file target_36.cif (mmCIF, C-alpha atoms)
data_upload
loop_
_atom_site.label_atom_id
_atom_site.label_comp_id
_atom_site.auth_asym_id
_atom_site.auth_seq_id
_atom_site.Cartn_x
_atom_site.Cartn_y
_atom_site.Cartn_z
CA MET A 30 83.59 35.86 131.02
CA LYS A 31 82.65 37.96 128.03
CA ASP A 32 83.16 37.53 124.28
CA VAL A 33 85.12 40.35 122.61
CA LEU A 34 86.71 40.71 119.18
CA GLU A 35 90.50 40.73 119.02
CA ILE A 36 91.92 42.55 115.97
CA LEU A 37 94.98 40.87 114.42
CA PRO A 38 96.86 42.67 111.61
CA ILE A 39 97.85 39.88 109.19
CA GLY A 40 99.24 40.52 105.74
CA GLY A 41 98.10 44.13 105.73
CA LYS A 42 94.53 43.11 106.60
CA ALA A 43 92.64 43.09 109.88
CA LEU A 44 91.52 39.67 111.09
CA PHE A 45 88.79 39.63 113.74
CA ARG A 46 88.99 36.73 116.17
CA PRO A 47 86.61 36.07 119.11
CA GLN A 48 88.35 36.11 122.47
CA LYS A 49 87.20 35.39 126.01
CA VAL A 50 87.87 38.12 128.56
CA ASP A 51 87.43 37.61 132.30
CA LEU A 52 85.88 40.91 133.40
CA ARG A 53 86.56 40.16 137.06
CA SER A 54 90.28 40.34 136.32
CA PHE A 55 90.03 44.14 136.16
CA VAL A 56 89.19 44.07 139.87
CA ASP A 57 90.75 40.87 141.21
CA SER A 58 94.18 41.58 139.71
CA ARG A 59 94.63 44.82 141.72
CA PRO A 60 94.13 44.04 145.42
CA GLN A 61 96.80 46.57 146.49
CA PHE A 62 95.04 49.41 144.66
CA TYR A 63 91.68 48.66 146.27
CA PHE A 64 93.31 48.38 149.71
CA ILE A 65 94.91 51.82 149.30
CA LYS A 66 91.66 53.17 147.86
CA ARG A 67 89.80 52.03 150.99
CA ILE A 68 92.35 53.73 153.26
CA VAL A 69 92.01 56.97 151.28
CA ASP A 70 88.21 56.68 151.41
CA LEU A 71 88.30 56.36 155.20
CA LEU A 72 90.72 59.25 155.69
CA LEU A 73 88.97 61.72 153.36
CA SER A 74 85.47 60.77 154.51
CA SER A 75 86.44 61.14 158.17
CA LEU A 76 87.87 64.61 157.51
CA ILE A 77 84.77 65.71 155.59
CA VAL A 78 82.36 64.37 158.22
CA ILE A 79 84.29 65.99 161.09
CA PHE A 80 85.19 69.34 159.54
CA ILE A 81 82.37 69.97 157.04
CA LEU A 82 79.31 67.80 157.60
CA SER A 83 79.38 68.43 161.37
CA TRP A 84 78.42 72.11 160.90
CA LEU A 85 76.79 71.87 157.46
CA PHE A 86 74.24 69.26 158.54
CA PRO A 87 72.30 71.42 161.06
CA ILE A 88 72.15 74.31 158.56
CA ILE A 89 70.82 72.17 155.71
CA ALA A 90 68.48 70.29 158.08
CA LEU A 91 66.95 73.57 159.25
CA LEU A 92 66.48 74.79 155.66
CA ILE A 93 64.79 71.51 154.66
CA TRP A 94 62.45 71.64 157.67
CA LEU A 95 61.50 75.26 156.93
CA ASP A 96 60.94 74.58 153.23
CA SER A 97 58.73 71.48 153.34
CA THR A 98 57.22 68.86 155.61
CA GLY A 99 59.05 65.58 155.95
CA PRO A 100 62.33 63.99 157.12
CA VAL A 101 65.75 65.54 156.57
CA PHE A 102 67.17 62.42 154.93
CA PHE A 103 65.88 60.53 151.94
CA ILE A 104 66.94 56.89 152.33
CA GLN A 105 66.66 54.72 149.24
CA ARG A 106 67.52 51.14 148.35
CA ARG A 107 70.28 51.24 145.73
CA VAL A 108 72.43 48.67 143.92
CA GLY A 109 75.85 48.20 145.46
CA ARG A 110 78.91 46.10 144.70
CA GLY A 111 78.02 42.67 143.36
CA GLY A 112 74.39 43.70 142.94
CA LYS A 113 73.81 43.78 146.69
CA THR A 114 71.27 46.21 148.08
CA PHE A 115 72.26 48.99 150.48
CA ARG A 116 70.48 52.00 151.98
CA CYS A 117 71.81 55.11 150.24
CA LEU A 118 71.61 58.40 152.16
CA LYS A 119 70.77 61.78 150.68
CA PHE A 120 69.40 65.06 151.95
CA ARG A 121 65.74 65.12 150.98
CA THR A 122 65.23 67.35 147.93
CA MET A 123 61.62 66.51 147.03
CA VAL A 124 58.27 66.65 148.75
CA VAL A 125 57.29 63.31 150.23
CA ASN A 126 55.64 61.28 147.45
CA ASP A 127 54.79 57.69 146.51
CA PHE A 128 56.97 57.59 143.36
CA ALA A 129 60.35 58.63 144.79
CA ASN A 130 61.66 55.04 144.68
CA THR A 131 60.55 54.29 141.12
CA ASP A 132 60.51 57.51 139.04
CA GLN A 133 63.64 59.54 138.33
CA ALA A 134 63.36 63.25 139.00
CA ASP A 135 63.43 65.45 135.91
CA GLU A 136 65.23 68.78 135.82
CA ASN A 137 62.00 70.76 136.31
CA ASP A 138 60.19 68.13 138.36
CA VAL A 139 57.35 69.66 140.41
CA ARG A 140 58.27 67.37 143.31
CA ILE A 141 61.61 69.17 143.83
CA THR A 142 61.52 71.81 146.57
CA ARG A 143 63.22 75.22 146.39
CA VAL A 144 65.94 74.15 148.82
CA GLY A 145 66.12 70.77 147.05
CA SER A 146 66.82 72.44 143.71
CA PHE A 147 69.84 74.24 145.18
CA LEU A 148 71.08 71.09 146.92
CA ARG A 149 70.84 69.07 143.70
CA LYS A 150 72.59 71.62 141.51
CA SER A 151 75.39 72.12 144.03
CA ASN A 152 75.75 68.36 144.77
CA LEU A 153 75.32 69.07 148.48
CA ASP A 154 72.45 66.57 148.63
CA GLU A 155 75.04 63.79 148.20
CA PHE A 156 77.15 64.73 151.26
CA PRO A 157 75.45 62.24 153.65
CA GLN A 158 76.85 59.48 151.42
CA PHE A 159 80.23 60.00 153.10
CA LEU A 160 78.58 58.05 155.93
CA ASN A 161 77.89 55.26 153.42
CA VAL A 162 81.60 55.37 152.53
CA LEU A 163 82.61 55.03 156.18
CA ALA A 164 80.22 52.07 156.47
CA GLY A 165 82.00 50.36 153.55
CA GLN A 166 78.95 50.46 151.25
CA MET A 167 80.31 53.08 148.85
CA SER A 168 83.56 54.65 147.72
CA ILE A 169 84.26 58.32 147.11
CA VAL A 170 84.96 57.61 143.43
CA GLY A 171 83.09 55.01 141.38
CA PRO A 172 80.00 54.50 139.23
CA ARG A 173 76.94 56.19 140.70
CA PRO A 174 74.54 53.77 142.45
CA HIS A 175 71.27 53.10 140.61
CA MET A 176 67.82 52.27 141.85
CA HIS A 177 67.09 48.58 141.20
CA SER A 178 64.41 49.48 138.65
CA ASP A 179 66.86 51.62 136.67
CA CYS A 180 69.64 49.02 136.84
CA ASN A 181 67.33 46.33 135.47
CA LYS A 182 66.02 48.63 132.75
CA PHE A 183 69.46 49.78 131.60
CA SER A 184 70.95 46.26 131.66
CA SER A 185 68.12 45.02 129.43
CA VAL A 186 69.15 47.58 126.80
CA ILE A 187 72.97 47.56 127.07
CA SER A 188 74.80 44.23 127.07
CA GLY A 189 77.20 43.85 129.99
CA TYR A 190 75.80 46.90 131.78
CA LYS A 191 76.08 45.22 135.18
CA PHE A 192 79.86 45.16 134.74
CA ARG A 193 79.74 48.50 136.58
CA ASN A 194 78.47 46.65 139.67
CA MET A 195 81.83 44.90 140.13
CA VAL A 196 83.12 47.81 142.23
CA LYS A 197 81.61 49.87 145.02
CA PRO A 198 79.42 52.71 143.77
CA GLY A 199 80.79 56.21 144.25
CA ILE A 200 79.70 59.65 145.37
CA THR A 201 81.24 60.99 142.18
CA GLY A 202 82.75 59.40 139.10
CA LEU A 203 84.24 59.88 135.68
CA ALA A 204 80.81 60.06 134.03
CA GLN A 205 79.73 62.82 136.40
CA ILE A 206 82.69 65.12 135.78
CA LYS A 207 82.11 64.59 132.06
CA GLY A 208 78.65 66.11 132.50
CA TYR A 209 76.50 62.99 132.84
CA ARG A 210 74.72 63.58 136.12
CA GLY A 211 71.05 63.72 137.02
CA PRO A 212 68.26 61.83 135.23
CA THR A 213 68.99 59.42 132.38
CA ASN A 214 66.24 60.03 129.86
CA ASP A 215 67.60 58.60 126.60
CA PHE A 216 69.78 55.82 125.23
CA GLU A 217 72.67 58.15 124.34
CA SER A 218 72.99 59.43 127.91
CA MET A 219 72.67 55.90 129.28
CA PHE A 220 75.30 54.49 126.91
CA HIS A 221 77.85 57.28 127.48
CA ARG A 222 77.55 56.89 131.24
CA TYR A 223 78.21 53.18 130.87
CA GLN A 224 81.22 53.88 128.63
CA TYR A 225 82.79 56.19 131.21
CA ASP A 226 82.00 53.85 134.11
CA SER A 227 83.46 50.90 132.21
CA PHE A 228 86.58 52.91 131.30
CA TYR A 229 87.05 53.87 134.94
CA ILE A 230 86.83 50.28 136.20
CA ARG A 231 89.31 49.08 133.58
CA ASN A 232 91.80 51.90 134.25
CA ALA A 233 91.22 52.88 137.88
CA ASN A 234 94.20 54.12 139.85
CA ILE A 235 94.80 56.48 142.77
CA TRP A 236 95.91 59.36 140.54
CA LEU A 237 92.76 59.11 138.44
CA ASP A 238 90.69 59.08 141.63
CA MET A 239 92.44 62.21 142.89
CA ARG A 240 91.86 64.02 139.61
CA ILE A 241 88.16 63.12 139.68
CA VAL A 242 87.87 64.31 143.30
CA ARG A 243 89.67 67.56 142.46
CA HIS A 244 87.47 68.15 139.44
CA THR A 245 84.30 67.49 141.46
CA ALA A 246 85.45 69.86 144.21
CA PHE A 247 86.04 72.63 141.65
CA GLN A 248 82.64 72.01 140.08
CA THR A 249 80.87 72.21 143.45
CA ALA A 250 82.75 75.35 144.50
CA ASN A 251 82.03 76.89 141.11
CA ILE A 252 78.28 76.27 141.42
CA LEU A 253 78.14 77.58 145.01
CA TRP A 254 80.02 80.74 143.98
CA PHE A 255 77.67 81.31 141.07
CA ARG A 256 74.57 80.79 143.18
CA LEU A 257 75.62 83.06 146.01
CA TYR A 258 77.55 85.87 144.40
CA LYS A 259 77.57 86.10 140.62
CA THR A 260 75.30 87.59 137.97
CA ASP A 261 74.22 85.59 134.93
CA PHE A 262 76.82 87.28 132.72
CA GLN A 263 79.61 86.63 135.21
CA GLN A 264 78.48 83.02 135.56
CA ARG A 265 78.76 82.40 131.82
CA LEU A 266 82.16 84.11 131.67
CA ILE A 267 83.65 82.12 134.55
CA SER A 268 82.08 78.90 133.26
CA LYS A 269 84.06 79.28 130.04
CA LYS A 270 87.27 79.77 132.03
CA PHE A 271 86.58 76.66 134.14
CA ALA A 272 85.75 74.65 131.03
CA ALA A 273 89.03 75.70 129.39
CA PHE A 274 90.96 74.86 132.56
CA PHE A 275 89.50 71.36 132.85
CA ARG A 276 90.07 70.64 129.16
CA GLY A 277 93.73 71.25 129.92
CA LEU A 278 93.57 68.47 132.53
CA ASN A 279 92.55 65.97 129.79
CA LEU A 280 89.67 64.65 131.91
#
call {"tool": "encode", "arguments": {"input": "target_36.cif", "output": "structure tokens"}}
result
Amino acid sequence: MKDVLEILPIGGKALFRPQKVDLRSFVDSRPQFYFIKRIVDLLLSSLIVIFILSWLFPIIALLIWLDSTGPVFFIQRRVGRGGKTFRCLKFRTMVVNDFANTDQADENDVRITRVGSFLRKSNLDEFPQFLNVLAGQMSIVGPRPHMHSDCNKFSSVISGYKFRNMVKPGITGLAQIKGYRGPTNDFESMFHRYQYDSFYIRNANIWLDMRIVRHTAFQTANILWFRLYKTDFQQRLISKKFAAFFRGLNL
């Protein structure tokens, strides 16, 4: 339960009255949606693992091995649904170091390898998480999973922050397509991410999930196209066109 203020217009004036809201109702009241969401997760993840990850994995694995010493996967303990811990999979994007499980990587972090920089910017480092989805630990769409240290730090600053842990974490989410991805270095970024995650949980539906997936796919394709084929001028020009297109989607 959480205390919120209900606004009642009485006699031309606004009366604020405390009201109890059961936050679990946003999840427990929609069992059919979450059943369908799980079916969609299984279908899409199976297709991606079979038709994309099956040939992409050996290519990325070879590039990682050639670029730096260490394992192909980076496996980290993250916060899942209900605050439970799970082992989150990623392609390794940094040199092996003692602070990978406690310190967020900055944009120009010296620990990030050359191949890792490309994988991060293109979101390809997240593709192994489709295996987490198949295992039932994650969903394709949902709040991004935090390290335990970050979850505790953010929840000590923002009241009700752990509300986002009521659903399975996602590979992508509303906050990410709004531009909030990567390290969280200030309160504004932290708070806006929570706002978008909270909005998603309160309003989640299959059509919203599909729009987020479509938007993420366009973003990834856009970045890959820029990296492989386009000049800086062309990148800026096409970026403006993509931005205008997505504004039209009202996402």
call {"tool": "closest_residue", "arguments": {"input": "target_36.cif", "among": "A:Ile200, A:Val56, A:Met195, A:Ile81", "to": "Leu118 of chain A", "atoms": "only C-alpha atoms"}}
result
A:Ile200
call {"tool": "closest_residue", "arguments": {"input": "target_36.cif", "among": "A:Ile187, A:Ile104, A:Val124, A:Gly145", "to": "Gln158 of chain A", "atoms": "all atoms listed in the file"}}
result
A:Ile104
call {"tool": "residues_around", "arguments": {"input": "target_36.cif", "residues": "Leu163 of chain A", "least_positions_apart": "5", "cutoff": "8 Å", "atoms": "all atoms listed in the file", "output": "JSON, numbers by chain"}}
result
{"A": [70, 71, 74, 75]}
call {"tool": "closest_residue", "arguments": {"input": "target_36.cif", "among": "A:Val125, A:Val69, A:Val144, A:Val108", "to": "His175 of chain A", "atoms": "all atoms listed in the file"}}
result
A:Val108
call {"tool": "residues_around", "arguments": {"input": "target_36.cif", "residues": "Ala204 of chain A", "least_positions_apart": "4", "cutoff": "6 Å", "atoms": "all atoms listed in the file", "output": "JSON list (two decimals) with C-alpha atoms, keeping the file's coordinate frame"}}
result
[["chain", "number", "residue", "atom", "x", "y", "z"],
["A", 209, "TYR", "CA", 76.50, 62.99, 132.84],
["A", 222, "ARG", "CA", 77.55, 56.89, 131.24],
["A", 225, "TYR", "CA", 82.79, 56.19, 131.21]]
call {"tool": "resolve_selection", "arguments": {"input": "target_36.cif", "expression": "the PyMOL selection byres ((chain A and resi 188) around 12)", "output": "PyMOL selection string"}}
result
chain A and resi 31-33+181-187+189-193+220+223-224
call {"tool": "write_last_selection", "arguments": {"input": "target_36.cif", "atoms": "C-alpha atoms", "output": "short mmCIF file (atom, residue, chain, number, x, y, z; two decimals), in the frame of the given file"}}
result
data_model
loop_
_atom_site.label_atom_id
_atom_site.label_comp_id
_atom_site.auth_asym_id
_atom_site.auth_seq_id
_atom_site.Cartn_x
_atom_site.Cartn_y
_atom_site.Cartn_z
CA LYS A 31 82.65 37.96 128.03
CA ASP A 32 83.16 37.53 124.28
CA VAL A 33 85.12 40.35 122.61
CA ASN A 181 67.33 46.33 135.47
CA LYS A 182 66.02 48.63 132.75
CA PHE A 183 69.46 49.78 131.60
CA SER A 184 70.95 46.26 131.66
CA SER A 185 68.12 45.02 129.43
CA VAL A 186 69.15 47.58 126.80
CA ILE A 187 72.97 47.56 127.07
CA GLY A 189 77.20 43.85 129.99
CA TYR A 190 75.80 46.90 131.78
CA LYS A 191 76.08 45.22 135.18
CA PHE A 192 79.86 45.16 134.74
CA ARG A 193 79.74 48.50 136.58
CA PHE A 220 75.30 54.49 126.91
CA TYR A 223 78.21 53.18 130.87
CA GLN A 224 81.22 53.88 128.63
#
call {"tool": "closest_residue", "arguments": {"input": "target_36.cif", "among": "A:Cys117, A:Ile235, A:Leu91, A:Val170", "to": "Phe64 of chain A", "atoms": "all atoms listed in the file"}}
result
A:Ile235
call {"tool": "axis_aligned_box", "arguments": {"input": "target_36.cif", "around": "segment 201-217 of chain A", "padding_each_side": "6 Å", "output": "lines of an AutoDock Vina configuration file"}}
result
center_x = 75.2
center_y = 61.0
center_z = 133.3
size_x = 30.0
size_y = 22.3
size_z = 29.8
call {"tool": "residues_around", "arguments": {"input": "target_36.cif", "residues": "Gly202 of chain A", "least_positions_apart": "5", "cutoff": "8 Å", "atoms": "only C-alpha atoms", "output": "list in words"}}
result
Val170, Gly171, Pro172, Arg173, Asp226 and Ile241 of chain A
call {"tool": "write_last_selection", "arguments": {"input": "target_36.cif", "atoms": "C-alpha atoms", "output": "tab-separated table (two decimals), keeping the file's coordinate frame"}}
result
chain	number	residue	atom	x	y	z
A	170	VAL	CA	84.96	57.61	143.43
A	171	GLY	CA	83.09	55.01	141.38
A	172	PRO	CA	80.00	54.50	139.23
A	173	ARG	CA	76.94	56.19	140.70
A	226	ASP	CA	82.00	53.85	134.11
A	241	ILE	CA	88.16	63.12	139.68
call {"tool": "residues_around", "arguments": {"input": "target_36.cif", "residues": "Thr122 of chain A", "least_positions_apart": "3", "cutoff": "9 Å", "atoms": "all atoms listed in the file", "output": "list in words"}}
result
Ile93, Val101, Phe102, Phe103, Lys119, Arg140, Ile141, Thr142, Arg143, Val144, Gly145, Ser146, Phe147, Leu148, Arg149 and Asp154 of chain A
call {"tool": "residues_near_point", "arguments": {"input": "target_36.cif", "point": "(64.9, 51.7, 141.4)", "cutoff": "6 Å", "atoms": "all atoms listed in the file", "output": "CSV table (one decimal) with C-alpha atoms, keeping the file's coordinate frame"}}
result
chain,number,residue,atom,x,y,z
A,130,ASN,CA,61.7,55.0,144.7
A,131,THR,CA,60.6,54.3,141.1
A,176,MET,CA,67.8,52.3,141.8
A,177,HIS,CA,67.1,48.6,141.2
A,178,SER,CA,64.4,49.5,138.6
A,179,ASP,CA,66.9,51.6,136.7
call {"tool": "closest_residue", "arguments": {"input": "target_36.cif", "among": "A:Ile88, A:Ala250, A:Ala233, A:Val242", "to": "Leu73 of chain A", "atoms": "all atoms listed in the file"}}
result
A:Val242
call {"tool": "atom_distance", "arguments": {"input": "target_36.cif", "atom1": "atom CA of Arg121 of chain A", "atom2": "atom CA of Phe156 of chain A"}}
result
11.4 Å
call {"tool": "atom_distance", "arguments": {"input": "target_36.cif", "atom1": "atom CA of Phe228 of chain A", "atom2": "atom CA of Val196 of chain A"}}
result
12.5 Å
call {"tool": "decode", "arguments": {"input": "target_36.cif", "residues": "segment 212-237 of chain A", "atoms": "N, CA and C atoms", "output": "short mmCIF file (atom, residue, chain, number, x, y, z; two decimals), in the first residue's frame"}}
result
data_model
loop_
_atom_site.label_atom_id
_atom_site.label_comp_id
_atom_site.auth_asym_id
_atom_site.auth_seq_id
_atom_site.Cartn_x
_atom_site.Cartn_y
_atom_site.Cartn_z
N PRO A 212 24.74 4.50 -18.21
CA PRO A 212 24.94 4.83 -16.79
C PRO A 212 23.98 5.89 -16.28
N THR A 213 23.63 5.79 -15.00
CA THR A 213 22.77 6.77 -14.33
C THR A 213 23.65 7.57 -13.38
N ASN A 214 24.00 8.79 -13.80
CA ASN A 214 25.00 9.55 -13.05
C ASN A 214 24.43 10.69 -12.23
N ASP A 215 23.15 11.00 -12.38
CA ASP A 215 22.59 12.13 -11.63
C ASP A 215 21.14 11.85 -11.25
N PHE A 216 20.61 12.67 -10.36
CA PHE A 216 19.26 12.45 -9.85
C PHE A 216 18.22 12.60 -10.96
N GLU A 217 18.41 13.56 -11.86
CA GLU A 217 17.43 13.79 -12.92
C GLU A 217 17.26 12.55 -13.80
N SER A 218 18.40 11.96 -14.21
CA SER A 218 18.34 10.75 -15.03
C SER A 218 17.68 9.61 -14.26
N MET A 219 18.04 9.47 -13.00
CA MET A 219 17.48 8.42 -12.15
C MET A 219 15.96 8.58 -12.02
N PHE A 220 15.52 9.82 -11.76
CA PHE A 220 14.10 10.07 -11.52
C PHE A 220 13.28 9.87 -12.79
N HIS A 221 13.79 10.34 -13.94
CA HIS A 221 13.04 10.18 -15.19
C HIS A 221 12.92 8.71 -15.58
N ARG A 222 13.97 7.95 -15.35
CA ARG A 222 13.87 6.51 -15.62
C ARG A 222 12.77 5.87 -14.78
N TYR A 223 12.75 6.26 -13.49
CA TYR A 223 11.72 5.70 -12.61
C TYR A 223 10.33 6.13 -13.08
N GLN A 224 10.17 7.36 -13.52
CA GLN A 224 8.88 7.83 -14.00
C GLN A 224 8.39 6.99 -15.18
N TYR A 225 9.29 6.75 -16.14
CA TYR A 225 8.89 5.96 -17.31
C TYR A 225 8.63 4.51 -16.94
N ASP A 226 9.45 3.94 -16.07
CA ASP A 226 9.22 2.56 -15.63
C ASP A 226 7.89 2.43 -14.89
N SER A 227 7.61 3.40 -14.01
CA SER A 227 6.36 3.38 -13.26
C SER A 227 5.16 3.53 -14.19
N PHE A 228 5.28 4.44 -15.17
CA PHE A 228 4.20 4.63 -16.14
C PHE A 228 3.94 3.34 -16.92
N TYR A 229 5.03 2.67 -17.30
CA TYR A 229 4.86 1.42 -18.06
C TYR A 229 4.11 0.37 -17.24
N ILE A 230 4.51 0.18 -15.98
CA ILE A 230 3.86 -0.85 -15.15
C ILE A 230 2.37 -0.54 -14.97
N ARG A 231 2.04 0.73 -14.80
CA ARG A 231 0.66 1.12 -14.58
C ARG A 231 -0.20 1.00 -15.84
N ASN A 232 0.44 1.09 -17.01
CA ASN A 232 -0.32 1.15 -18.27
C ASN A 232 0.07 0.07 -19.27
N ALA A 233 0.78 -0.95 -18.82
CA ALA A 233 1.29 -1.97 -19.73
C ALA A 233 0.18 -2.68 -20.48
N ASN A 234 0.38 -2.89 -21.77
CA ASN A 234 -0.51 -3.69 -22.59
C ASN A 234 0.29 -4.21 -23.78
N ILE A 235 -0.27 -5.16 -24.50
CA ILE A 235 0.46 -5.80 -25.59
C ILE A 235 0.82 -4.79 -26.68
N TRP A 236 -0.09 -3.85 -26.98
CA TRP A 236 0.19 -2.89 -28.04
C TRP A 236 1.33 -1.96 -27.66
N LEU A 237 1.39 -1.58 -26.40
CA LEU A 237 2.51 -0.75 -25.94
C LEU A 237 3.82 -1.54 -26.03
#
